Amino acid sequence: MKSQKRRTLMQAIAAGAGATFFGPWKVHHAWAQSAQKKPLVIGLTMDASGQYGASGGEERLGAMMAIKEFNEKGGVLGRTIEALHMDTETTPATGSRVAERLITRNEAAFLIGALHSGVANAISQVAQKYGCIFLNTNSSSPTEAGVNCHRTKFVWDGNGTNFAHAIVKNAIKVNGKNWVLLTNDYVWGHNTSKATRTLAEANGAKIVEELMVPQNTRDFSPFLIKLQQLKPQVVAAAVGGDDLKAMRRQVVQLKLDRSFAWINNQQDWPDVYGLGPEEIFGVFGTNWYYRLDLPGVKEFVEKYQKAYPGVQIKVPGNVYYNGYMATRELLRAVERAGSTNNIKVIKELENCKVSARDRMQHFDAYMNPATHQIQQTIYMATYNDKPAEKDDIFKILASLPPQDVEDRDAPGACKLETYEATPTYEV
Amino acid sequence: MDFVVNLLPHVVNGLSLGLLFALIALGFMLIVGVMEVINLAHGSLFALGAYVALIFLGAQPTLAAYALALVAAPLLVGAFGMLLELCMRRTYGRDPLYGLLLTFGAALVIEELIRVIWGSRERSLPLPQAIQGATLIGDLIYAKYRFFACAVAAVLIALLWLFIEKTKVGAIIKAGAHDSEMVRALGYNLARLRLGVFALGTALAAVAGIVMAPIWGIRPHVGVDAVVPAFLIIVLGGVGSFWGAVAAGLLVGLVVGLTGAYASEWSLLSMYLLFIVVVTFRARGLFGRKSALDT
């Protein structure tokens, strides 16, 4: 009996090992038999853990939706699209490693996804080395389309300067000229606060102090006591992800949301979704909202709800939207180029223009070929004190056309590699 | 004079922060000190405590419901800790790496378990009205909840000290840590003792999770934010030293609080710098006993 059991166990192990060993061969064999075209692999370089883990999950759903739509109509260039996700852990070193692996081992044709600007920068350096097109979907440091731009990188979110343009002047007029900057101590925070400082000072405000908030700060009490001692009229925060959630909670506990005017450069949807009304204070920027009264928005929301009924975020936000839009425009560019050749696709993306209707925003959007950042509508928003439904937490205060919020320093700072210096890449 | 007036709130805040750090390290210290097991699952049990407490709390809990959560959730997590200790028994007396690997694996399992049951989204732990809001002291506003959290931390530290120093069970636990063979020879059930200590350590981790949740928020990976300072504090204080851990917690809180106010970009790094300085000059930590390495 005992030996029979052991034999059974050995057989099971052998079967398992065999299945593991022969698995890939079987798959390759199937491709040869069916004469189908090789699937187009897209690497999703998105955070599933760390400071931006929650947002990373949302942008992944957005990219997956665009891929699903293309696959339902036969893929792109007759090839089905396969998405391969690896967690970039909100860590630049992991971003580099994941990008290298996706390009060299998994033969990813394109890379999509980034929240943290340090991670985005790390991925884009690897992508540029191989000539692989990389879409920075959601990281918003002005350096991404400035000093850290690359020929193979395209930026799809508004950046810190765009959002500062949307908010700063108005905040000085309404709230006063004594400002304190609260800055997440990494590339996005630094450059966003720099843009805010430049604009604020140019419009007559005085920056009393800039407090650097290290990443992964959980206790904001030293900063909040310092703010009380400084007594500014406006606190301009460039704090993101889990840090922002902790900060919002502690500001409300101290009731400091009523003591100063708060402006938050950009408010990502996963960072506020589900928070109570008292925790969504201040004025902030965004590039999309699920209740914009525009054609297509309602259907877009319904599609999300139908495709992802089990998710905790019941309506899509800006992070999902950027993941979707970036992926869709990339696949459209591949179709227009009629090839996956990177240089051809890059040229298509550089000339990308999307109507306001197609983007479900108030103004037409266009890619700036000198910086590779999409120029789009930016919204100024605040908490909605008259919500039409539970999730209707934003009130859009203003919509600004891309020309009004343009980052005018970016073209000077961005030095794109020439086409010749970019390796040709085709999968 | 102005400088002193400005400094004082930061010193007070630093000390309160220190009490909370000490609370986070308490369960970790107990298990390392008594069982010589580095419980890398401490952070995940911290998170689990906060999530389990959610079960007992509605949207606007009463003080009684909150008190129930503060007792029942640690008991449940303590029971879970017992299961973990049963798994750990095979690692006793072997290379400490086995225990490390097992608790590391347990941490990953608990974190995924949390994701499966409660999802990955950020959650808030609701508080009763009585401990919400803010209070004005001088010119500055303080959160009432922070006072409550510090009081819980101080009471737990005192209770744990009384338990270890003034009760018979505490004496056996200490004796077990010092010479387990002798304790066994005297007829005490060492296995049961270890089970109890591990359960108490994990229950303390859960209490810390519940107390910190309204400040830090709750995420499946929030335990990472707890386990690193906990580890640092017990080494800084001297492994096995109760008051060493408390003093180290207070010191870390003070340093983090003051750098947060005056050199904010150094506020997180400051605890590691403090650690390097202390360990450079005193390898066994502030209150650690002399070891063979010191001779």
# chains A, B, ... in the order shown; residues from 1 in each chain; ligands from 1
>>> residues_around(residues="range 381-388 of chain A", least_positions_apart="5", cutoff="6 Å", atoms="only C-alpha atoms", output="mmCIF file with C-alpha atoms, in the first residue's frame")
data_model
loop_
_atom_site.group_PDB
_atom_site.id
_atom_site.type_symbol
_atom_site.label_atom_id
_atom_site.label_comp_id
_atom_site.auth_asym_id
_atom_site.auth_seq_id
_atom_site.Cartn_x
_atom_site.Cartn_y
_atom_site.Cartn_z
ATOM 1 C CA ILE A 280 -11.473 65.479 -0.311
ATOM 2 C CA VAL A 283 -8.633 72.433 -5.314
ATOM 3 C CA PHE A 284 -6.834 70.075 -7.651
ATOM 4 C CA GLY A 285 -6.163 69.248 -11.274
ATOM 5 C CA ILE A 393 -17.188 63.386 -5.673
ATOM 6 C CA PHE A 394 -15.583 65.922 -8.028
ATOM 7 C CA LYS A 395 -17.025 69.238 -9.060
ATOM 8 C CA ILE A 396 -15.358 70.516 -12.212
ATOM 9 C CA LEU A 397 -14.652 74.213 -11.744
#
>>> closest_atom_pairs(of="chain B", to="chain A", cutoff="6 Å", atoms="only C-alpha atoms", output="CSV")
residue,atom,partner,partner_atom,distance
B:Gly133,CA,A:Gln253,CA,5.7
B:Ala134,CA,A:Leu254,CA,5.2
B:Tyr142,CA,A:Leu254,CA,5.8
B:Ala143,CA,A:Leu254,CA,5.0
B:Trp216,CA,A:Ala246,CA,5.4
B:Gly257,CA,A:Pro222,CA,5.4
B:Gly260,CA,A:Pro222,CA,5.2
B:Ala261,CA,A:Pro222,CA,5.3
B:Ser264,CA,A:Met212,CA,5.3
B:Glu265,CA,A:Met212,CA,4.9
>>> write_last_selection(atoms="N, CA and C atoms", output="mmCIF file, in the first residue's frame")
data_model
loop_
_atom_site.group_PDB
_atom_site.id
_atom_site.type_symbol
_atom_site.label_atom_id
_atom_site.label_comp_id
_atom_site.auth_asym_id
_atom_site.auth_seq_id
_atom_site.Cartn_x
_atom_site.Cartn_y
_atom_site.Cartn_z
ATOM 1 N N GLY B 133 -11.822 64.312 15.981
ATOM 2 C CA GLY B 133 -11.731 65.766 16.084
ATOM 3 C C GLY B 133 -10.403 66.246 16.614
ATOM 4 N N ALA B 134 -10.362 67.533 16.906
ATOM 5 C CA ALA B 134 -9.101 68.152 17.288
ATOM 6 C C ALA B 134 -9.297 69.014 18.522
ATOM 7 N N TYR B 142 -4.165 69.924 17.895
ATOM 8 C CA TYR B 142 -3.732 68.520 17.974
ATOM 9 C C TYR B 142 -4.949 67.628 17.761
ATOM 10 N N ALA B 143 -4.704 66.466 17.165
ATOM 11 C CA ALA B 143 -5.796 65.511 16.976
ATOM 12 C C ALA B 143 -6.042 64.783 18.298
ATOM 13 N N TRP B 216 -2.338 55.911 9.728
ATOM 14 C CA TRP B 216 -1.641 55.457 8.525
ATOM 15 C C TRP B 216 -2.582 55.007 7.414
ATOM 16 N N GLY B 257 10.576 63.123 14.539
ATOM 17 C CA GLY B 257 9.746 64.314 14.723
ATOM 18 C C GLY B 257 10.534 65.594 14.529
ATOM 19 N N GLY B 260 11.708 65.961 10.904
ATOM 20 C CA GLY B 260 10.541 66.287 10.079
ATOM 21 C C GLY B 260 10.264 67.783 10.095
ATOM 22 N N ALA B 261 10.507 68.408 11.216
ATOM 23 C CA ALA B 261 10.216 69.829 11.339
ATOM 24 C C ALA B 261 11.340 70.715 10.815
ATOM 25 N N SER B 264 13.227 68.385 6.822
ATOM 26 C CA SER B 264 12.169 67.424 6.509
ATOM 27 C C SER B 264 12.608 66.297 5.574
ATOM 28 N N GLU B 265 13.505 66.607 4.627
ATOM 29 C CA GLU B 265 13.892 65.561 3.677
ATOM 30 C C GLU B 265 14.665 64.424 4.350
#
>>> closest_residue(among="A:Ala63, A:Pro401, A:Ala99, A:Asp407", to="Ala195 in chain A", atoms="only C-alpha atoms")
A:Asp407
>>> residues_around(residues="Ala177 in chain B", least_positions_apart="6", cutoff="12 Å", atoms="only C-alpha atoms", output="PyMOL selection string")
chain B and resi 30-37+164+170-171+183-184+190+193-194+197+239-241
>>> select_by_dssp(residues="range 11-203 of chain A", states="strand (DSSP E or B)", output="PyMOL selection string")
chain A and resi 40-46+76+79+81-87+110-112+133-136+153-155+178-184
>>> closest_residue(among="A:Pro402, A:Gly118, A:Gly282, A:Pro309", to="Phe163 in chain A", atoms="only C-alpha atoms")
A:Pro402
>>> residues_around(residues="Ser193 in chain A", least_positions_apart="3", cutoff="9 Å", atoms="only C-alpha atoms", output="list of chain:residue names")
A:Gly160, A:Thr161, A:Ala164, A:Leu181, A:Leu182, A:Thr183, A:Asn184, A:Trp188, A:Gly189, A:His190, A:Thr196, A:Arg197, A:Thr198, A:Glu210, A:Ala236, A:Ala237, A:Ala238, A:Asn265
>>> write_last_selection(atoms="C-alpha atoms", output="compact mmCIF listing (two decimals), in the first residue's frame")
# COMPACT_ATOMS: atom_id res chain seq x y z
CA GLY A 160 2.94 69.21 -13.07
CA THR A 161 3.38 72.40 -15.09
CA ALA A 164 0.01 74.33 -12.05
CA LEU A 181 5.09 74.00 -0.79
CA LEU A 182 4.71 70.44 0.44
CA THR A 183 6.80 68.32 -1.87
CA ASN A 184 7.14 64.55 -2.22
CA TRP A 188 7.81 64.23 -9.75
CA GLY A 189 7.44 66.16 -6.49
CA HIS A 190 10.57 68.23 -7.09
CA THR A 196 4.36 75.74 -9.02
CA ARG A 197 7.04 77.96 -7.46
CA THR A 198 7.93 79.55 -10.80
CA GLU A 210 9.18 74.25 1.02
CA ALA A 236 0.48 73.70 -2.48
CA ALA A 237 0.97 69.97 -2.17
CA ALA A 238 2.73 67.76 -4.66
CA ASN A 265 -1.35 69.77 -8.15
>>> residues_around(residues="Leu40 in chain B", least_positions_apart="6", cutoff="9 Å", atoms="only C-alpha atoms", output="ChimeraX atom specification")
/B:28,99-107,227,231
>>> closest_residue(among="A:Gly338, A:Glu58, A:Ser355, A:Ala127", to="Ser120 in chain B", atoms="only C-alpha atoms")
A:Glu58
>>> residues_around(residues="Ala166 in chain A", least_positions_apart="2", cutoff="9 Å", atoms="only C-alpha atoms", output="list in words")
Thr161, Asn162, Phe163, Ala164, Val168, Lys169, Asn170, Phe284, Gly285, Ile378, Tyr379, Met380, Ala398, Ser399, Leu400, Asp404 and Val405 of chain A
>>> residues_around(residues="Ala413 in chain A", least_positions_apart="5", cutoff="9 Å", atoms="only C-alpha atoms", output="list in words")
Thr143, Ala145, Gly146, Val147, Asn148, Cys149 and Thr371 of chain A
>>> select_by_dssp(residues="range 237-419 of chain A", states="helix (DSSP H, G or I)", output="number ranges by chain")
A: 241-253, 256-258, 269-271, 277-279, 297-307, 318-337, 342-350, 356-359, 402-405, 410-413
>>> atom_distance(atom1="CA of Leu17 in chain B", atom2="CA of Gly223 in chain B")
17.4 Å
